[in-house]
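**Q** A single structure is presented below for examination.
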Amino acid sequence: MAYDFDLFVIGAGSGGVRAARFAAGFGAKVAVAESRYLGGTCVNVGCVPKKLLVYGAHVADELEQAAGFGWTLEEGHFDWGTLIANKNREIERLNGIYRNLLVNSGVTLLQGHARITGANEVDVDGQRYSAANILIATGGWPQVPDIPGKELAITSNEAFYLKALPRRVLVVGGGYIAVEFAGIFQGLGAATSLLYRGDLFLRGFDGSVRTHLKEELEKRGLDLQFNADIQRIDKLPDGSLKATLKDGRELVADCVFYATGRRPMLDNLGLENTGVELDERGYIRVDEQYQTTAPSILAIGDVIGRVQLTPVALAEGMAVARRLFKPEQYRPVDYQNIPTAVFSQPPIGTVGLTEEQALEAGHKVQIFESRFRAMKLTLTDIQEKTLMKLVVDADTDKVLGCHMVGPDAGEIIQGLGIALKAGATKQQFDDTIGVHPTAAEEFVTMRTVTR
């Protein structure tokens, strides 16, 4: 049977665009359907605008430190509207780049809602298309718990378009999105509280990292409330919001921001017309080659619920394009030792195993840990400390994990990701000459086993 397309991609986010572009480059006839915005979550309401807001919030730190370097500054004034307008302009520019990437690659771009109507058929706003392969790359969507007043809360989708910076903000959640936005709101001048129902945020990260970040955020004056959960939200006559906690306490704020998880975006996708199955968490079930239980339908990215990071979706999209249309170049995605950054303030960089994971896996470990005040702060009164940590296999000397909390952590951890991917040992770290004076050199000068 002759199909309209060799590959029909649903979703023009990072993974979908990467798969479409390279499949077209390999000679396939490709279409992409997108009903919202080009670039997906990352470009529009995720990592890109979030990082821009983090930069904005960090300016307050620079202004505070300036006096130590001889600068006398007039009292600064922050304007939320200017930041958001500039952010919007940059996102529009990136949308245009994504459009050009697709069109210039020979991809047919269809702007409308795609719904699968059969194993090899897709409907886009009433127009039917056939395809030999259908790739689902629709990503995830933030969700708010079903509590009274949930409609009064916002998520990351709305936070980037607030008309004004709220004076008082309650951030609810214990993952990296919650921690990052708490830092953004506080850094830009809002009185901010972070509420998490567990004992300590960032579950799954190294224990030293979690504890160190907690201490540093408290130094900065962020109100951390653990074992705290909201039972209901009510709007008060003056327009502010009252959050009633499960322990009976009441907190009043101008904004309640939820970052308590994301669900796969499967709304009106038409999966009931296919043999595609979901796993026990509600994500699309795929095999190691991203094939669903319907042979002609594949899925990648956040919608499959593996590692929900943009670079991972990009790698998965590339793997699909190669396997289908350039098999001699195919290689599977390696999910081990994926470098990760959390753009908290201070930021986190991490790659490899946590101390807890290494012990659970049966490794006999040596821990090298250092806490120090960054050189830049020595001319100021700021007492923030940087944490660096290596997790080493005591039997093989192989470095199993690198973890950092401090300025430029994300930038530094990228290079260490290469080292861990290459299987570097602690001896090789020790034999590497450091760049002086930098914080990064601490990773190659830690000699004493902490425990």
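So you can find residues: chains in the structure tokens are A, B, ... in the order shown, residues in each start at 1, and ligands are numbered from 1 in order.
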Mind the document's chain letters and residue numbers, and return as a list in words the residues of range 92-155 of chain A that DSSP labels helix (DSSP H, G or I).
**A**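 Taking range 92-155 of chain A and keeping helix (DSSP H, G or I) only, one gets Glu92, Arg93, Leu94, Asn95, Gly96, Ile97, Tyr98, Arg99, Asn100, Leu101, Leu102, Val103, Asn104, Lys150, Glu151 and Leu152 of chain A.
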**Q** Could you take the residues named above and write them with N, CA and C atoms, as a compact mmCIF listing (two decimals), in the first residue's frame?
**A**
# COMPACT_ATOMS: atom_id res chain seq x y z
N GLU A 92 9.44 33.72 20.73
CA GLU A 92 8.93 33.87 19.36
C GLU A 92 10.05 33.66 18.34
N ARG A 93 11.24 34.14 18.67
CA ARG A 93 12.37 33.93 17.77
C ARG A 93 12.68 32.44 17.64
N LEU A 94 12.65 31.72 18.77
CA LEU A 94 12.94 30.29 18.75
C LEU A 94 11.85 29.52 18.02
N ASN A 95 10.59 29.95 18.17
CA ASN A 95 9.51 29.32 17.42
C ASN A 95 9.78 29.38 15.92
N GLY A 96 10.24 30.56 15.48
CA GLY A 96 10.57 30.73 14.07
C GLY A 96 11.71 29.84 13.62
N ILE A 97 12.70 29.66 14.50
CA ILE A 97 13.83 28.79 14.17
C ILE A 97 13.34 27.35 14.01
N TYR A 98 12.48 26.91 14.90
CA TYR A 98 11.96 25.54 14.79
C TYR A 98 11.16 25.37 13.51
N ARG A 99 10.38 26.37 13.16
CA ARG A 99 9.62 26.30 11.91
C ARG A 99 10.57 26.16 10.71
N ASN A 100 11.61 26.98 10.69
CA ASN A 100 12.56 26.92 9.58
C ASN A 100 13.31 25.60 9.53
N LEU A 101 13.65 25.07 10.70
CA LEU A 101 14.33 23.78 10.74
C LEU A 101 13.50 22.69 10.08
N LEU A 102 12.20 22.71 10.37
CA LEU A 102 11.32 21.69 9.80
C LEU A 102 11.11 21.91 8.30
N VAL A 103 10.71 23.11 7.95
CA VAL A 103 10.37 23.39 6.55
C VAL A 103 11.60 23.23 5.65
N ASN A 104 12.74 23.74 6.11
CA ASN A 104 13.95 23.64 5.30
C ASN A 104 14.48 22.22 5.19
N LYS A 150 -8.86 24.06 43.35
CA LYS A 150 -7.70 23.81 42.48
C LYS A 150 -7.64 24.77 41.29
N GLU A 151 -8.80 25.25 40.87
CA GLU A 151 -8.84 26.17 39.73
C GLU A 151 -8.22 27.53 40.05
N LEU A 152 -8.00 27.80 41.34
CA LEU A 152 -7.38 29.07 41.75
C LEU A 152 -5.85 29.00 41.69
**Q** I need the residues in range 106-322 of chain A that are strand (DSSP E or B) according to DSSP; give them as a VMD selection string.
**A** chain A and resid 108 to 111 114 to 118 121 to 124 127 to 136 140 to 142 154 168 to 172 191 to 196 223 to 226 230 to 235 241 to 245 250 to 253 255 to 258 262 to 264 278 284 291 297 to 299
**Q** Compare A:Lys50, A:Thr293, A:Ala153, A:Thr72 by their minimum atom-to-atom distance to Ile184 in chain A, counting only C-alpha atoms, and give me the closest one.
**A**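 Closest to Ile184 in chain A, using only C-alpha atoms: A:Lys50.
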**Q** Give me the residues within 10 Å of Gly173 in chain A as an MDAnalysis selection string, counting only C-alpha atoms and dropping any in the same chain fewer than 5 places off.
**A** chainID A and resid 178:179 182 194:198 201:202 226 228:229 257:261
**Q** Would you mind exporting the chosen residues as a short mmCIF file (atom, residue, chain, number, x, y, z; two decimals), in the first residue's frame, restricted to all heavy atoms?
**A**
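This went into part-v2.cif:
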data_model
loop_
_atom_site.label_atom_id
_atom_site.label_comp_id
_atom_site.auth_asym_id
_atom_site.auth_seq_id
_atom_site.Cartn_x
_atom_site.Cartn_y
_atom_site.Cartn_z
N ALA A 178 9.61 22.73 41.32
CA ALA A 178 9.19 23.50 42.49
C ALA A 178 10.36 24.27 43.08
O ALA A 178 10.25 25.46 43.40
CB ALA A 178 8.59 22.56 43.54
N VAL A 179 11.50 23.62 43.22
CA VAL A 179 12.67 24.26 43.81
C VAL A 179 13.15 25.42 42.93
O VAL A 179 13.50 26.49 43.43
CB VAL A 179 13.79 23.22 44.01
CG1 VAL A 179 15.09 23.90 44.41
CG2 VAL A 179 13.38 22.20 45.08
N ALA A 182 10.63 28.37 43.15
CA ALA A 182 10.73 29.04 44.46
C ALA A 182 11.90 30.01 44.45
O ALA A 182 11.79 31.15 44.93
CB ALA A 182 10.90 28.00 45.57
N LEU A 194 7.99 27.48 50.22
CA LEU A 194 7.98 26.21 49.49
C LEU A 194 7.40 25.15 50.40
O LEU A 194 7.95 24.86 51.46
CB LEU A 194 9.39 25.84 49.05
CG LEU A 194 9.56 24.49 48.34
CD1 LEU A 194 8.74 24.44 47.05
CD2 LEU A 194 11.03 24.22 48.03
N LEU A 195 6.29 24.56 49.97
CA LEU A 195 5.61 23.54 50.75
C LEU A 195 5.80 22.18 50.09
O LEU A 195 5.59 22.03 48.88
CB LEU A 195 4.11 23.82 50.85
CG LEU A 195 3.62 24.87 51.85
CD1 LEU A 195 4.14 26.25 51.52
CD2 LEU A 195 2.09 24.89 51.89
N TYR A 196 6.21 21.19 50.87
CA TYR A 196 6.37 19.84 50.35
C TYR A 196 5.83 18.85 51.37
O TYR A 196 6.10 18.98 52.56
CB TYR A 196 7.84 19.55 50.05
CG TYR A 196 8.10 18.15 49.59
CD1 TYR A 196 7.33 17.57 48.57
CD2 TYR A 196 9.12 17.39 50.15
CE1 TYR A 196 7.58 16.28 48.14
CE2 TYR A 196 9.38 16.09 49.72
CZ TYR A 196 8.60 15.54 48.72
OH TYR A 196 8.83 14.25 48.30
N ARG A 197 5.09 17.88 50.88
CA ARG A 197 4.43 16.93 51.79
C ARG A 197 5.38 15.93 52.42
O ARG A 197 5.04 15.27 53.39
CB ARG A 197 3.33 16.18 51.03
CG ARG A 197 3.85 15.29 49.91
CD ARG A 197 2.71 14.66 49.15
NE ARG A 197 3.22 13.79 48.08
CZ ARG A 197 2.45 13.13 47.23
NH1 ARG A 197 1.13 13.25 47.32
NH2 ARG A 197 2.98 12.36 46.31
N GLY A 198 6.61 15.80 51.88
CA GLY A 198 7.59 14.87 52.43
C GLY A 198 8.54 15.53 53.41
O GLY A 198 8.42 16.71 53.76
N PHE A 201 12.93 17.78 50.18
CA PHE A 201 12.67 17.82 48.74
C PHE A 201 13.74 17.07 47.92
O PHE A 201 14.72 16.56 48.45
CB PHE A 201 12.57 19.25 48.25
CG PHE A 201 13.68 20.18 48.69
CD1 PHE A 201 14.99 19.74 48.79
CD2 PHE A 201 13.41 21.50 49.00
CE1 PHE A 201 16.02 20.59 49.18
CE2 PHE A 201 14.43 22.36 49.39
CZ PHE A 201 15.73 21.91 49.48
N LEU A 202 13.53 17.03 46.60
CA LEU A 202 14.44 16.44 45.62
C LEU A 202 14.73 14.97 45.89
O LEU A 202 15.87 14.50 45.88
CB LEU A 202 15.74 17.24 45.54
CG LEU A 202 15.60 18.69 45.04
CD1 LEU A 202 16.94 19.39 45.06
CD2 LEU A 202 14.99 18.74 43.65
N PHE A 226 8.30 21.61 55.25
CA PHE A 226 8.19 20.19 54.91
C PHE A 226 7.06 19.54 55.69
O PHE A 226 6.56 20.10 56.67
CB PHE A 226 9.52 19.49 55.17
CG PHE A 226 10.64 20.04 54.33
CD1 PHE A 226 11.78 20.59 54.92
CD2 PHE A 226 10.57 20.02 52.94
CE1 PHE A 226 12.80 21.11 54.15
CE2 PHE A 226 11.59 20.53 52.15
CZ PHE A 226 12.71 21.07 52.76
N ALA A 228 4.14 19.36 54.79
CA ALA A 228 3.04 20.31 54.69
C ALA A 228 2.31 20.09 53.37
O ALA A 228 2.95 19.99 52.31
CB ALA A 228 3.56 21.74 54.76
N ASP A 229 0.99 20.02 53.43
CA ASP A 229 0.21 19.78 52.22
C ASP A 229 -1.09 20.58 52.30
O ASP A 229 -1.69 20.70 53.37
CB ASP A 229 -0.10 18.28 52.10
CG ASP A 229 -0.41 17.86 50.67
OD1 ASP A 229 -0.31 18.71 49.77
OD2 ASP A 229 -0.75 16.68 50.46
N PHE A 257 1.29 28.26 43.43
CA PHE A 257 1.92 27.64 42.26
C PHE A 257 2.14 26.16 42.55
O PHE A 257 2.83 25.81 43.52
CB PHE A 257 3.25 28.34 41.99
CG PHE A 257 4.08 27.71 40.90
CD1 PHE A 257 4.07 28.22 39.61
CD2 PHE A 257 4.90 26.61 41.17
CE1 PHE A 257 4.85 27.65 38.62
CE2 PHE A 257 5.67 26.04 40.19
CZ PHE A 257 5.65 26.56 38.90
N TYR A 258 1.58 25.29 41.72
CA TYR A 258 1.74 23.85 41.91
C TYR A 258 2.76 23.27 40.94
O TYR A 258 2.70 23.51 39.73
CB TYR A 258 0.40 23.15 41.70
CG TYR A 258 -0.35 22.88 43.00
CD1 TYR A 258 -1.18 23.85 43.55
CD2 TYR A 258 -0.20 21.68 43.68
CE1 TYR A 258 -1.85 23.63 44.74
CE2 TYR A 258 -0.87 21.44 44.88
CZ TYR A 258 -1.69 22.43 45.40
OH TYR A 258 -2.35 22.19 46.57
N ALA A 259 3.68 22.50 41.48
CA ALA A 259 4.63 21.73 40.69
C ALA A 259 4.72 20.35 41.32
O ALA A 259 5.73 19.96 41.89
CB ALA A 259 6.00 22.41 40.67
N THR A 260 3.62 19.62 41.23
CA THR A 260 3.50 18.34 41.92
C THR A 260 3.45 17.16 40.95
O THR A 260 2.97 16.09 41.30
CB THR A 260 2.25 18.33 42.81
OG1 THR A 260 1.12 18.77 42.04
CG2 THR A 260 2.42 19.24 43.99
N GLY A 261 3.94 17.37 39.74
CA GLY A 261 3.99 16.25 38.81
C GLY A 261 3.37 16.60 37.47
O GLY A 261 2.63 17.58 37.33
#
**Q** Env of Asp234 in chain A: 9 Å cut, atoms = only C-alpha atoms, seq-sep filter 5 positions within chain, self excluded. Answer as a PyMOL selection string.
**A** chain A and resi 148-149+152+240-244
**Q** Ranking A:Leu109, A:Leu236, A:Leu420, A:Val333 by minimum distance to Leu314 in chain A and counting only C-alpha atoms, which one comes first?
**A**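 Of A:Leu109, A:Leu236, A:Leu420, A:Val333, the one nearest Leu314 in chain A, counting only C-alpha atoms, is A:Val333.
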**Q** Nearest to Gly56 in chain A: which of A:Ala24, A:Val144, A:Leu188, A:Ala422 is it, counting only C-alpha atoms?
**A**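 Of A:Ala24, A:Val144, A:Leu188, A:Ala422, the one nearest Gly56 in chain A is A:Leu188, counting only C-alpha atoms.
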**Q** What is the distance between CA of Ala23 in chain A and CA of Arg323 in chain A, in Å to one decimal?
**A**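 Taking CA of Ala23 in chain A and CA of Arg323 in chain A, their separation equals 9.6 Å.
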**Q** Point out the residue among A:Gly401, A:Pro327, A:Pro311, A:Gly11 with the least atom-to-atom distance to Ile413 in chain A, counting only C-alpha atoms.
**A** A:Gly401
**Q** When distances are computed from only C-alpha atoms, which of A:Thr310, A:Asn86, A:Gln357, A:Thr340 shows the smallest separation from Arg18 in chain A?
**A**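 Ranked by minimum distance to Arg18 in chain A, first place goes to A:Thr310.
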**Q** How far is it from CA of Ile154 in chain A to CA of Pro49 in chain A, in Å with one decimal?
**A** 16.4 Å
**Q** Please determine, counting only C-alpha atoms, which residue among A:Met1, A:Leu269, A:Ile177, A:Ala137 has the shortest atom-to-atom distance to Val124 in chain A.
**A**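 Distance minimum relative to Val124 in chain A lands on A:Leu269.
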**Q** I want to know what sits within 12 Å of Leu217 in chain A, based on only C-alpha atoms, with residues of the same chain fewer than 6 positions away left out; could you give that as an MDAnalysis selection string?
**A** chainID A and resid 179:180 182:183 186:187 192:194 201 210:211 223:225 344:347 383:385 405:406
**Q** Which distance in Å separates CA of Tyr37 in chain A and CA of Val286 in chain A, to one decimal?
**A**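 Interatomic distance here is 25.6 Å.
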